[in-house]
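Undergrad: Input work_27.pdb, format and content: PDB, C-alpha atoms.
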ATOM      1  CA  MET A  27      -9.295   4.186  15.341
ATOM      2  CA  THR A  28     -10.870   6.207  12.613
ATOM      3  CA  ALA A  29     -12.710   5.069   9.525
ATOM      4  CA  ASP A  30      -9.737   5.691   7.239
ATOM      5  CA  SER A  31      -7.484   3.357   9.240
ATOM      6  CA  PHE A  32      -9.454   0.212   8.327
ATOM      7  CA  PRO A  33      -8.204  -1.787   5.358
ATOM      8  CA  GLY A  34      -9.881  -1.057   2.046
ATOM      9  CA  PRO A  35     -11.508  -3.588  -0.301
ATOM     10  CA  GLY A  36      -8.191  -4.919  -1.530
ATOM     11  CA  GLY A  37      -6.828  -5.452   1.985
ATOM     12  CA  THR A  38      -4.661  -2.328   1.888
ATOM     13  CA  ALA A  39      -5.124   0.687   4.087
ATOM     14  CA  SER A  40      -7.311   3.189   2.271
ATOM     15  CA  GLY A  41      -5.970   6.334   3.906
ATOM     16  CA  GLY A  42      -2.538   5.161   4.904
ATOM     17  CA  GLY A  43      -3.432   4.803   8.591
ATOM     18  CA  VAL A  44      -4.662   7.370  11.045
ATOM     19  CA  GLN A  45      -4.471  10.817   9.510
ATOM     20  CA  ALA A  46      -4.045  14.047  11.453
ATOM     21  CA  PRO A  47      -6.486  16.799  10.545
ATOM     22  CA  PRO A  48      -5.056  19.571   8.387
ATOM     23  CA  PRO A  49      -3.835  22.636  10.278
ATOM     24  CA  PRO A  50      -6.203  25.606  10.345
ATOM     25  CA  ALA A  51      -5.627  28.341   7.837
ATOM     26  CA  PRO A  52      -3.766  31.330   9.306
ATOM     27  CA  VAL A  53      -5.865  34.414   9.944
ATOM     28  CA  PRO A  54      -4.476  37.591   8.384
ATOM     29  CA  ALA A  55      -3.521  40.263  10.913
ATOM     30  CA  GLY A  56      -6.062  42.732   9.538
ATOM     31  CA  ASP A  57      -9.001  40.334  10.052
ATOM     32  CA  ALA A  58      -8.159  39.342  13.632
ATOM     33  CA  PRO A  59     -10.980  39.944  16.125
ATOM     34  CA  ALA A  60     -10.392  43.124  18.064
ATOM     35  CA  GLY A  61     -11.285  42.268  21.654
ATOM     36  CA  THR A  62     -10.188  44.040  24.773
ATOM     37  CA  VAL A  63      -7.373  42.418  26.685
ATOM     38  CA  LEU A  64      -8.559  41.632  30.198
ATOM     39  CA  GLY A  65      -6.281  42.143  33.153
ATOM     40  CA  PHE A  66      -6.282  40.210  36.400
ATOM     41  CA  ARG A  67      -8.697  42.624  38.092
ATOM     42  CA  GLU A  68     -11.273  42.508  35.271
ATOM     43  CA  LEU A  69     -11.101  38.734  35.153
ATOM     44  CA  SER A  70     -11.512  38.537  38.931
ATOM     45  CA  GLU A  71     -14.486  40.910  38.779
ATOM     46  CA  ARG A  72     -16.181  38.725  36.180
ATOM     47  CA  VAL A  73     -15.582  35.525  38.130
ATOM     48  CA  ILE A  74     -16.791  36.955  41.444
ATOM     49  CA  ALA A  75     -19.856  38.564  39.853
ATOM     50  CA  SER A  76     -20.815  35.350  38.080
ATOM     51  CA  VAL A  77     -20.407  33.289  41.256
ATOM     52  CA  PHE A  78     -22.506  35.699  43.310
ATOM     53  CA  ASP A  79     -25.162  35.788  40.557
ATOM     54  CA  ARG A  80     -25.266  32.020  40.156
ATOM     55  CA  TYR A  81     -25.332  31.222  43.884
ATOM     56  CA  PRO A  82     -27.381  33.883  45.694
ATOM     57  CA  TRP A  83     -27.303  31.884  48.939
ATOM     58  CA  LEU A  84     -23.484  32.017  49.089
ATOM     59  CA  ASN A  85     -23.505  35.325  50.957
ATOM     60  CA  ARG A  86     -25.586  33.872  53.796
ATOM     61  CA  VAL A  87     -23.461  30.733  54.004
ATOM     62  CA  LEU A  88     -20.238  32.747  54.258
ATOM     63  CA  MET A  89     -21.796  35.026  56.871
ATOM     64  CA  GLY A  90     -22.863  31.958  58.876
ATOM     65  CA  MET A  91     -19.357  30.540  58.661
ATOM     66  CA  LEU A  92     -17.918  33.803  59.978
ATOM     67  CA  ALA A  93     -20.387  33.635  62.860
ATOM     68  CA  VAL A  94     -19.234  30.086  63.643
ATOM     69  CA  PHE A  95     -15.571  31.166  63.545
ATOM     70  CA  THR A  96     -16.295  34.072  65.889
ATOM     71  CA  GLY A  97     -18.263  31.827  68.222
ATOM     72  CA  THR A  98     -15.416  29.346  68.276
ATOM     73  CA  CYS A  99     -13.030  32.115  69.322
ATOM     74  CA  VAL A 100     -15.376  33.141  72.137
ATOM     75  CA  VAL A 101     -15.683  29.536  73.343
ATOM     76  CA  ALA A 102     -11.888  29.213  73.208
ATOM     77  CA  VAL A 103     -11.605  32.142  75.627
ATOM     78  CA  VAL A 104     -13.639  30.202  78.183
ATOM     79  CA  ALA A 105     -11.838  26.919  77.509
ATOM     80  CA  ARG A 106      -8.298  28.349  77.651
ATOM     81  CA  LEU A 107      -8.993  30.987  80.298
ATOM     82  CA  SER A 108      -7.069  33.487  78.178
ATOM     83  CA  PRO A 109      -8.172  36.479  76.086
ATOM     84  CA  LEU A 110      -5.720  35.635  73.272
ATOM     85  CA  PRO A 111      -8.267  33.741  71.122
ATOM     86  CA  LEU A 112     -10.223  37.018  70.793
ATOM     87  CA  ILE A 113      -7.468  38.600  68.689
ATOM     88  CA  PRO A 114      -8.919  37.570  65.268
ATOM     89  CA  VAL A 115     -12.532  38.503  66.174
ATOM     90  CA  PRO A 116     -12.275  42.138  64.965
ATOM     91  CA  LEU A 117     -10.980  40.892  61.621
ATOM     92  CA  PHE A 118     -13.895  38.476  61.331
ATOM     93  CA  VAL A 119     -16.237  41.393  62.063
ATOM     94  CA  VAL A 120     -14.560  43.433  59.297
ATOM     95  CA  GLY A 121     -14.971  40.456  56.954
ATOM     96  CA  GLY A 122     -18.648  40.241  57.873
ATOM     97  CA  TYR A 123     -19.028  43.952  57.184
ATOM     98  CA  GLY A 124     -17.484  43.396  53.731
ATOM     99  CA  LEU A 125     -19.966  40.611  53.000
ATOM    100  CA  TRP A 126     -22.862  42.707  54.265
ATOM    101  CA  ARG A 127     -21.867  45.586  51.967
ATOM    102  CA  ALA A 128     -21.330  43.202  49.030
ATOM    103  CA  ARG A 129     -24.985  42.211  49.233
ATOM    104  CA  GLY A 130     -26.397  45.463  47.896
ATOM    105  CA  VAL A 131     -23.843  46.629  45.337
ATOM    106  CA  THR A 132     -24.747  47.237  41.720
ATOM    107  CA  THR A 133     -21.387  47.224  39.926
ATOM    108  CA  ARG A 134     -18.811  44.496  39.551
ATOM    109  CA  ARG A 135     -16.006  46.768  40.734
ATOM    110  CA  GLN A 136     -17.748  47.454  44.051
ATOM    111  CA  LEU A 137     -18.553  43.765  44.486
ATOM    112  CA  PHE A 138     -14.911  42.889  43.876
ATOM    113  CA  SER A 139     -13.738  45.450  46.428
ATOM    114  CA  TRP A 140     -16.072  44.268  49.195
ATOM    115  CA  VAL A 141     -15.392  40.577  48.551
ATOM    116  CA  LEU A 142     -11.662  41.311  48.565
ATOM    117  CA  LEU A 143     -12.054  43.007  51.955
ATOM    118  CA  PHE A 144     -13.919  39.932  53.235
ATOM    119  CA  ALA A 145     -11.289  37.532  51.901
ATOM    120  CA  LEU A 146      -8.287  39.469  53.177
ATOM    121  CA  ALA A 147      -9.769  40.105  56.624
ATOM    122  CA  THR A 148     -10.722  36.448  57.008
ATOM    123  CA  LEU A 149      -7.328  35.199  55.849
ATOM    124  CA  VAL A 150      -5.461  37.560  58.161
ATOM    125  CA  GLY A 151      -7.757  36.438  61.001
ATOM    126  CA  PHE A 152      -6.849  32.805  60.386
ATOM    127  CA  TRP A 153      -3.186  33.756  60.144
ATOM    128  CA  LEU A 154      -3.448  35.471  63.523
ATOM    129  CA  ILE A 155      -5.009  32.326  64.978
ATOM    130  CA  SER A 156      -1.999  30.320  63.841
ATOM    131  CA  VAL A 157       0.439  32.945  65.144
ATOM    132  CA  VAL A 158      -1.273  33.031  68.536
ATOM    133  CA  GLY A 159      -1.322  29.220  68.585
ATOM    134  CA  ARG A 160       2.413  29.052  68.000
ATOM    135  CA  TRP A 161       3.064  31.866  70.451
ATOM    136  CA  VAL A 162       1.145  30.216  73.303
ATOM    137  CA  GLU A 163       2.819  26.830  72.868
TER     138      GLU A 163
END
Now that the file is in, can you turn its structure into structure tokens?
TA:
Amino acid sequence: MTADSFPGPGGTASGGGVQAPPPPAPVPAGDAPAGTVLGFRELSERVIASVFDRYPWLNRVLMGMLAVFTGTCVVAVVARLSPLPLIPVPLFVVGGYGLWRARGVTTRRQLFSWVLLFALATLVGFWLISVVGRWVE
């Protein structure tokens, strides 16, 4: 409830109940702010750059996770007595290379490219794990 919805001194509503705020005045077309329209790539570059700037330890954590995934594939070779779990390991290595190169870049476009390589290689590696898992069943 807002202040104008309480009854006035005579017991009647002073403002006629809850009032909606007036609509904003339209901005003439000539005075509209002229900003650049961002595409999907520029927006992605900004997001990735801000995340990597805000969390500098993220690169090491992702590299450690890739090492754990690769180690799990190597252990699966011993457990299953089959070389099939090694199929995604080269993709994990490519993803690690992308993260390693993303560490020292200076522009957002380069950072986006190397992080995209990491993400795609890792996702395709996981996809291959699922394909091999279904194939071996």
Undergrad: Rank A:Ser108, A:Ser76, A:Thr96, A:Thr148 by their smallest atom-to-atom distance to Gly124 (chain A), using all atoms listed in the file, and report the top residue only.
TA: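 Of A:Ser108, A:Ser76, A:Thr96, A:Thr148, the one nearest Gly124 (chain A) is A:Thr148, counting all atoms listed in the file.
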Undergrad: Neighbourhood query: residues within 9 Å of (-15.1, 42.2, 48.5), file coordinates, counting all atoms listed in the file; return as an MDAnalysis selection string.
TA: chainID A and resid 74 121 124:125 127:128 136:146
Undergrad: Which distance in Å separates CA of Val162 (chain A) and CA of Leu110 (chain A), to one decimal?
TA: 8.7 Å
Undergrad: For Glu68 (chain A), which of A:Leu154, A:Leu92, A:Arg86, A:Arg134 is the closest residue, counting all atoms listed in the file?
TA: A:Arg134
Undergrad: What separation in Å, quoted to one decimal, exists between CA of Arg129 (chain A) and CA of Phe78 (chain A)?
TA: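 Distance reported for this atom pair: 9.1 Å.
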Undergrad: Could region 108-132 of chain A be completed with N, CA, C and O atoms and returned as a PDB file, in the coordinates of the input?
TA:
ATOM      1  N   SER A 108      -8.002  32.489  78.677  1.00  0.00           N
ATOM      2  CA  SER A 108      -7.069  33.487  78.178  1.00  0.00           C
ATOM      3  C   SER A 108      -7.799  34.344  77.143  1.00  0.00           C
ATOM      4  O   SER A 108      -8.602  33.824  76.367  1.00  0.00           O
ATOM      5  N   PRO A 109      -7.519  35.637  77.089  1.00  0.00           N
ATOM      6  CA  PRO A 109      -8.172  36.479  76.086  1.00  0.00           C
ATOM      7  C   PRO A 109      -7.508  36.426  74.709  1.00  0.00           C
ATOM      8  O   PRO A 109      -7.987  37.052  73.766  1.00  0.00           O
ATOM      9  N   LEU A 110      -6.430  35.681  74.549  1.00  0.00           N
ATOM     10  CA  LEU A 110      -5.720  35.635  73.272  1.00  0.00           C
ATOM     11  C   LEU A 110      -6.557  35.124  72.102  1.00  0.00           C
ATOM     12  O   LEU A 110      -6.381  35.610  70.982  1.00  0.00           O
ATOM     13  N   PRO A 111      -7.470  34.164  72.279  1.00  0.00           N
ATOM     14  CA  PRO A 111      -8.267  33.741  71.122  1.00  0.00           C
ATOM     15  C   PRO A 111      -9.194  34.821  70.575  1.00  0.00           C
ATOM     16  O   PRO A 111      -9.740  34.669  69.482  1.00  0.00           O
ATOM     17  N   LEU A 112      -9.371  35.932  71.299  1.00  0.00           N
ATOM     18  CA  LEU A 112     -10.223  37.018  70.793  1.00  0.00           C
ATOM     19  C   LEU A 112      -9.504  37.930  69.797  1.00  0.00           C
ATOM     20  O   LEU A 112     -10.133  38.802  69.215  1.00  0.00           O
ATOM     21  N   ILE A 113      -8.230  37.726  69.578  1.00  0.00           N
ATOM     22  CA  ILE A 113      -7.468  38.600  68.689  1.00  0.00           C
ATOM     23  C   ILE A 113      -8.038  38.624  67.263  1.00  0.00           C
ATOM     24  O   ILE A 113      -8.173  39.699  66.681  1.00  0.00           O
ATOM     25  N   PRO A 114      -8.415  37.492  66.645  1.00  0.00           N
ATOM     26  CA  PRO A 114      -8.919  37.570  65.268  1.00  0.00           C
ATOM     27  C   PRO A 114     -10.381  38.013  65.146  1.00  0.00           C
ATOM     28  O   PRO A 114     -10.849  38.255  64.038  1.00  0.00           O
ATOM     29  N   VAL A 115     -11.106  38.167  66.245  1.00  0.00           N
ATOM     30  CA  VAL A 115     -12.532  38.503  66.174  1.00  0.00           C
ATOM     31  C   VAL A 115     -12.772  39.833  65.461  1.00  0.00           C
ATOM     32  O   VAL A 115     -13.675  39.914  64.613  1.00  0.00           O
ATOM     33  N   PRO A 116     -12.015  40.905  65.723  1.00  0.00           N
ATOM     34  CA  PRO A 116     -12.275  42.138  64.965  1.00  0.00           C
ATOM     35  C   PRO A 116     -12.089  41.971  63.462  1.00  0.00           C
ATOM     36  O   PRO A 116     -12.815  42.578  62.672  1.00  0.00           O
ATOM     37  N   LEU A 117     -11.156  41.139  63.060  1.00  0.00           N
ATOM     38  CA  LEU A 117     -10.980  40.892  61.621  1.00  0.00           C
ATOM     39  C   LEU A 117     -12.158  40.119  61.043  1.00  0.00           C
ATOM     40  O   LEU A 117     -12.562  40.361  59.901  1.00  0.00           O
ATOM     41  N   PHE A 118     -12.703  39.178  61.802  1.00  0.00           N
ATOM     42  CA  PHE A 118     -13.895  38.476  61.331  1.00  0.00           C
ATOM     43  C   PHE A 118     -15.078  39.426  61.222  1.00  0.00           C
ATOM     44  O   PHE A 118     -15.909  39.299  60.327  1.00  0.00           O
ATOM     45  N   VAL A 119     -15.163  40.388  62.135  1.00  0.00           N
ATOM     46  CA  VAL A 119     -16.237  41.393  62.063  1.00  0.00           C
ATOM     47  C   VAL A 119     -16.052  42.267  60.821  1.00  0.00           C
ATOM     48  O   VAL A 119     -17.027  42.571  60.120  1.00  0.00           O
ATOM     49  N   VAL A 120     -14.826  42.655  60.513  1.00  0.00           N
ATOM     50  CA  VAL A 120     -14.560  43.433  59.297  1.00  0.00           C
ATOM     51  C   VAL A 120     -14.914  42.617  58.060  1.00  0.00           C
ATOM     52  O   VAL A 120     -15.501  43.135  57.099  1.00  0.00           O
ATOM     53  N   GLY A 121     -14.591  41.325  58.070  1.00  0.00           N
ATOM     54  CA  GLY A 121     -14.971  40.456  56.954  1.00  0.00           C
ATOM     55  C   GLY A 121     -16.482  40.352  56.812  1.00  0.00           C
ATOM     56  O   GLY A 121     -17.013  40.365  55.699  1.00  0.00           O
ATOM     57  N   GLY A 122     -17.186  40.265  57.921  1.00  0.00           N
ATOM     58  CA  GLY A 122     -18.648  40.241  57.873  1.00  0.00           C
ATOM     59  C   GLY A 122     -19.219  41.539  57.345  1.00  0.00           C
ATOM     60  O   GLY A 122     -20.210  41.545  56.605  1.00  0.00           O
ATOM     61  N   TYR A 123     -18.596  42.657  57.709  1.00  0.00           N
ATOM     62  CA  TYR A 123     -19.028  43.952  57.184  1.00  0.00           C
ATOM     63  C   TYR A 123     -18.836  44.002  55.662  1.00  0.00           C
ATOM     64  O   TYR A 123     -19.689  44.495  54.932  1.00  0.00           O
ATOM     65  N   GLY A 124     -17.715  43.453  55.175  1.00  0.00           N
ATOM     66  CA  GLY A 124     -17.484  43.396  53.731  1.00  0.00           C
ATOM     67  C   GLY A 124     -18.536  42.565  53.021  1.00  0.00           C
ATOM     68  O   GLY A 124     -19.029  42.944  51.949  1.00  0.00           O
ATOM     69  N   LEU A 125     -18.909  41.430  53.603  1.00  0.00           N
ATOM     70  CA  LEU A 125     -19.966  40.611  53.000  1.00  0.00           C
ATOM     71  C   LEU A 125     -21.308  41.319  53.044  1.00  0.00           C
ATOM     72  O   LEU A 125     -22.097  41.232  52.100  1.00  0.00           O
ATOM     73  N   TRP A 126     -21.587  42.008  54.140  1.00  0.00           N
ATOM     74  CA  TRP A 126     -22.862  42.707  54.265  1.00  0.00           C
ATOM     75  C   TRP A 126     -22.963  43.814  53.216  1.00  0.00           C
ATOM     76  O   TRP A 126     -24.009  44.003  52.607  1.00  0.00           O
ATOM     77  N   ARG A 127     -21.858  44.534  52.977  1.00  0.00           N
ATOM     78  CA  ARG A 127     -21.867  45.586  51.967  1.00  0.00           C
ATOM     79  C   ARG A 127     -21.888  45.012  50.554  1.00  0.00           C
ATOM     80  O   ARG A 127     -22.408  45.648  49.635  1.00  0.00           O
ATOM     81  N   ALA A 128     -21.339  43.830  50.358  1.00  0.00           N
ATOM     82  CA  ALA A 128     -21.330  43.202  49.030  1.00  0.00           C
ATOM     83  C   ALA A 128     -22.724  42.780  48.597  1.00  0.00           C
ATOM     84  O   ALA A 128     -22.962  42.595  47.405  1.00  0.00           O
ATOM     85  N   ARG A 129     -23.630  42.650  49.553  1.00  0.00           N
ATOM     86  CA  ARG A 129     -24.985  42.211  49.233  1.00  0.00           C
ATOM     87  C   ARG A 129     -25.728  43.194  48.346  1.00  0.00           C
ATOM     88  O   ARG A 129     -26.459  42.796  47.462  1.00  0.00           O
ATOM     89  N   GLY A 130     -25.571  44.488  48.574  1.00  0.00           N
ATOM     90  CA  GLY A 130     -26.397  45.463  47.896  1.00  0.00           C
ATOM     91  C   GLY A 130     -25.706  46.279  46.818  1.00  0.00           C
ATOM     92  O   GLY A 130     -26.229  47.309  46.408  1.00  0.00           O
ATOM     93  N   VAL A 131     -24.551  45.846  46.349  1.00  0.00           N
ATOM     94  CA  VAL A 131     -23.843  46.629  45.337  1.00  0.00           C
ATOM     95  C   VAL A 131     -24.440  46.391  43.962  1.00  0.00           C
ATOM     96  O   VAL A 131     -25.111  45.382  43.711  1.00  0.00           O
ATOM     97  N   THR A 132     -24.183  47.339  43.063  1.00  0.00           N
ATOM     98  CA  THR A 132     -24.747  47.237  41.720  1.00  0.00           C
ATOM     99  C   THR A 132     -23.687  47.062  40.641  1.00  0.00           C
ATOM    100  O   THR A 132     -24.014  46.642  39.538  1.00  0.00           O
TER     101      THR A 132
END
